[in-house]
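Visitor: First the structure, which I've put down as structure tokens, then a few questions once you've had a look.
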Amino acid sequence: MRFILSYAVLARWRAVLKLLLVVTIAPLVHAAEPPPGRGEQQLERPSARPLAPQQHAIPLAQLVAEALQNNPEIQAARNERDAASQRVAPAGSLDDPMLEAGVINVPTDSFKFDREDMTMKMIGLSQRFPYPGKRGLREEVATREVEVADFNLQEIINRTVRDLKVAYFDLGLVHASTQLVERNRAILDQFLRIAETRYAVGQGNQADVLKAQTQLSKMMEEIIKLGRERRMLEADINRLLGRGLGAGPAVPDAVELRETPLELEALHELALRTRPQLLALQSAIARSDKMLELARKDYYSDFDVRFSYGQRDSMPDGTKRSDMVSLTFAINLPVWRDAKRGPRVAEAQAMREQAQKMYEAQRNELSMKLRQQVAAIDQNLRSGRLYQKDILPQSRLTVEASLAAYRVNRVDFMTLLDNQMSVFNFEIAHATAVSAYNKALAEIDLLTGRSPN
């Protein structure tokens, strides 16, 4: 009888203890479960919601306008173009005339101006006239240099805008990744609480709790890494904008996947017509042609024209002497052909050949890069669509199903955790594809020479 009473009391206390555990722990378990009536549908969890819009975001067009105004490299290229334009007029101008003055035929025994008939005070003016055509060629060479400088300015503008867009989209990816990491960390924190609850009631094991804690630590490490990348990209953007060290960070808009129709052949033809780098090389070829023609013109003589006026004093007996004028012509003799003019012609020919080969090399490189970027755009567009329409919805449903099955011990915690990490990786991959797509479009703009808006 005593044994039976003890067993009944023990059973009663066990029932009370079980009831207390259920009342205390059940709310924690149900906090991560879907509300009644939803069955195994998607949970109201952070990763299932779209990315929140960026607060205080700066549009890309605004940053581009600021870079065009304040970027030091662009300003330096503008100054170089302006300096080149000031060399056109001097290149086609005549050399300065020479003014001379002196005395002629002064006798050394008396140093008087009235003793000898040829003694006079002289003033003269001389001017060199290049062989016909040289001035025009020099002016054309200077004009081509202005064209080269102007195309180089446009290329620097396009390249700066490309660099700014790439940094902007990379920064947008960092911001999106940071949001995804934060949301995934919140979900993992829910999973950790579920694992701890199940372990407390004896339905889980400690390895599940440790694995969830490890993944949370990895998320913290990822946030630290993203913070470092964010600061580096913000510094790069401030550099491109010409901002100082104390300038505030740029906050990008949310990056979107906007499909742009592209055709490789049309892009290639457009690039050959409008790419400033190629146009600059074409102008360099034309400049080299004019330089070669000018070097060949150097075999012809230039002309010097000299006019002088001589004033003579009267004779000692008062007889007046008439003044004299002189007009002379002179030419240079280009006799040093092998030592001076031949190497100049060879130099001009080599520079012309160099410009031609550089143009061909850049044209071939342009074709290759266009093909690469069009392929990258197509790949990232397909990947972005696939992640957005198929992979992400399916993987999120897989997590929902795994969580429902985990509650009834049909799958283990590692399966649930792996499925959630797969969703996170797919979300990061989708954001990366969107960013890479937009960066490839920026490269296309540079390669085709499209001017920034």
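Residues are referred to by chain and number: the chain letter is A, B, ... according to the order shown in the structure tokens, the number counts from 1 in that chain, and ligands are numbered separately from 1 in the order shown.
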Could you make a table, as JSON lines, of the residues of segment 69-165 of chain A that have an atom within 8 Å of an atom of segment 429-446 of chain A, each with its nearest atom pair and distance in Å to one decimal, counting only C-alpha atoms, in chain and number order?
Guide:
```
{"residue": "A:Asn158", "atom": "CA", "partner": "A:Leu446", "partner_atom": "CA", "distance": 5.7}
{"residue": "A:Arg159", "atom": "CA", "partner": "A:Leu446", "partner_atom": "CA", "distance": 6.3}
{"residue": "A:Arg162", "atom": "CA", "partner": "A:Ala442", "partner_atom": "CA", "distance": 5.6}
{"residue": "A:Lys165", "atom": "CA", "partner": "A:Ala442", "partner_atom": "CA", "distance": 6.5}
```
Visitor: Could the residues in this selection be written to a file with N, CA and C atoms, as an mmCIF file, in the first residue's frame?
Guide:
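For reference, again.cif as written:
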```cif
data_model
loop_
_atom_site.group_PDB
_atom_site.id
_atom_site.type_symbol
_atom_site.label_atom_id
_atom_site.label_comp_id
_atom_site.auth_asym_id
_atom_site.auth_seq_id
_atom_site.Cartn_x
_atom_site.Cartn_y
_atom_site.Cartn_z
ATOM 1 N N ASN A 158 33.633 59.838 -70.216
ATOM 2 C CA ASN A 158 32.903 58.555 -70.266
ATOM 3 C C ASN A 158 33.516 57.531 -69.317
ATOM 4 N N ARG A 159 34.834 57.515 -69.224
ATOM 5 C CA ARG A 159 35.484 56.542 -68.346
ATOM 6 C C ARG A 159 35.215 56.871 -66.873
ATOM 7 N N ARG A 162 31.745 55.818 -66.190
ATOM 8 C CA ARG A 162 31.709 54.362 -66.049
ATOM 9 C C ARG A 162 32.204 53.920 -64.677
ATOM 10 N N LYS A 165 29.579 54.726 -62.097
ATOM 11 C CA LYS A 165 28.446 53.793 -62.137
ATOM 12 C C LYS A 165 28.819 52.448 -61.529
#
```
Visitor: Each residue of segment 379-420 of chain A lying at most 9 Å from segment 251-259 of chain A should get a row with its shortest atom-to-atom pair and the distance in Å to one decimal, counting only C-alpha atoms; could you produce that, ordered by chain and increasing number, as JSON lines?
Guide:
```
{"residue": "A:Leu381", "atom": "CA", "partner": "A:Glu259", "partner_atom": "CA", "distance": 7.4}
{"residue": "A:Gly384", "atom": "CA", "partner": "A:Leu257", "partner_atom": "CA", "distance": 7.5}
{"residue": "A:Arg385", "atom": "CA", "partner": "A:Leu257", "partner_atom": "CA", "distance": 8.6}
```
Visitor: So, counting only C-alpha atoms, which residue among A:Ala195, A:Ile104, A:Val148, A:Met324 is closest to Tyr406 of chain A?
Guide: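 Answer, going by the shortest atom-to-atom distance: A:Ala195.
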Visitor: Just list as a PyMOL selection string whatever in segment 162-263 of chain A DSSP marks as alpha helix (DSSP H).
Guide: chain A and resi 162-200+206-241
Visitor: If we count only C-alpha atoms, what is near Asn238 of chain A at a cut-off of 10 Å, once residues fewer than 2 positions away on the same chain are taken out, given as a list of chain:residue names?
Guide: A:Leu63, A:Ala67, A:Asn71, A:Leu164, A:Met232, A:Leu233, A:Glu234, A:Ala235, A:Asp236, A:Leu240, A:Leu241, A:Gly242, A:Arg243, A:Gly244, A:Leu245, A:Gly246, A:Ala247, A:Gly248, A:Pro249, A:Ala250
Visitor: Compare A:Arg78, A:Arg396, A:Arg198, A:Arg185 by their minimum atom-to-atom distance to Gln215 of chain A, counting only C-alpha atoms, and give me the closest one.
Guide: A:Arg185
Visitor: Residues at most 10 Å from Leu294 of chain A, counting only C-alpha atoms, excluding those fewer than 6 positions away in the same chain, as an MDAnalysis selection string?
Guide: chainID A and resid 133:138 141 288 344:345 348
Visitor: A:Ala91, A:Ala376, A:Glu229, A:Phe169: which is nearest Pro59 of chain A, counting only C-alpha atoms?
Guide: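 Counting only C-alpha atoms, the residue closest to Pro59 of chain A is A:Phe169.
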Visitor: For Ser326 of chain A, please output as a ChimeraX atom specification all residues within 7 Å (counting only C-alpha atoms; exclusion window: fewer than 6 positions along the same chain).
Guide: /A:307-309
Visitor: Considering only strand (DSSP E) as DSSP defines it on the backbone, what residues of segment 87-126 of chain A qualify? List them as a ChimeraX atom specification.
Guide: /A:98-104,120-126
Visitor: As an exercise, work out the distance from atom CA of Phe113 of chain A to atom CA of Gly310 of chain A in Å and give it to one decimal place.
Guide: 12.0 Å
Visitor: Excluding same-chain residues fewer than 2 positions from Asn152 of chain A, what lies within 8 Å of it counting only C-alpha atoms, as number ranges by chain?
Guide: A: 77, 148-150, 154-156, 276-277, 280
Visitor: Within 12 Å of Gln394 of chain A, counting only C-alpha atoms, which residues qualify if same-chain residues fewer than 3 places away don't, as a list in words?
Guide: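 Here the qualifying residues turn out to be Gln42, Ala48, Leu386, Tyr387, Gln388, Lys389, Asp390, Ile391, Leu397, Thr398, Val399, Glu400, Ala401, Asn419, Gln420, Ser422, Val423 and Phe426 of chain A.
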Visitor: Hey, can you check how far atom CA of Arg352 of chain A sits from atom CA of Ile285 of chain A?
Guide: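 Pair atom CA of Arg352 of chain A / atom CA of Ile285 of chain A returns 5.7 Å.
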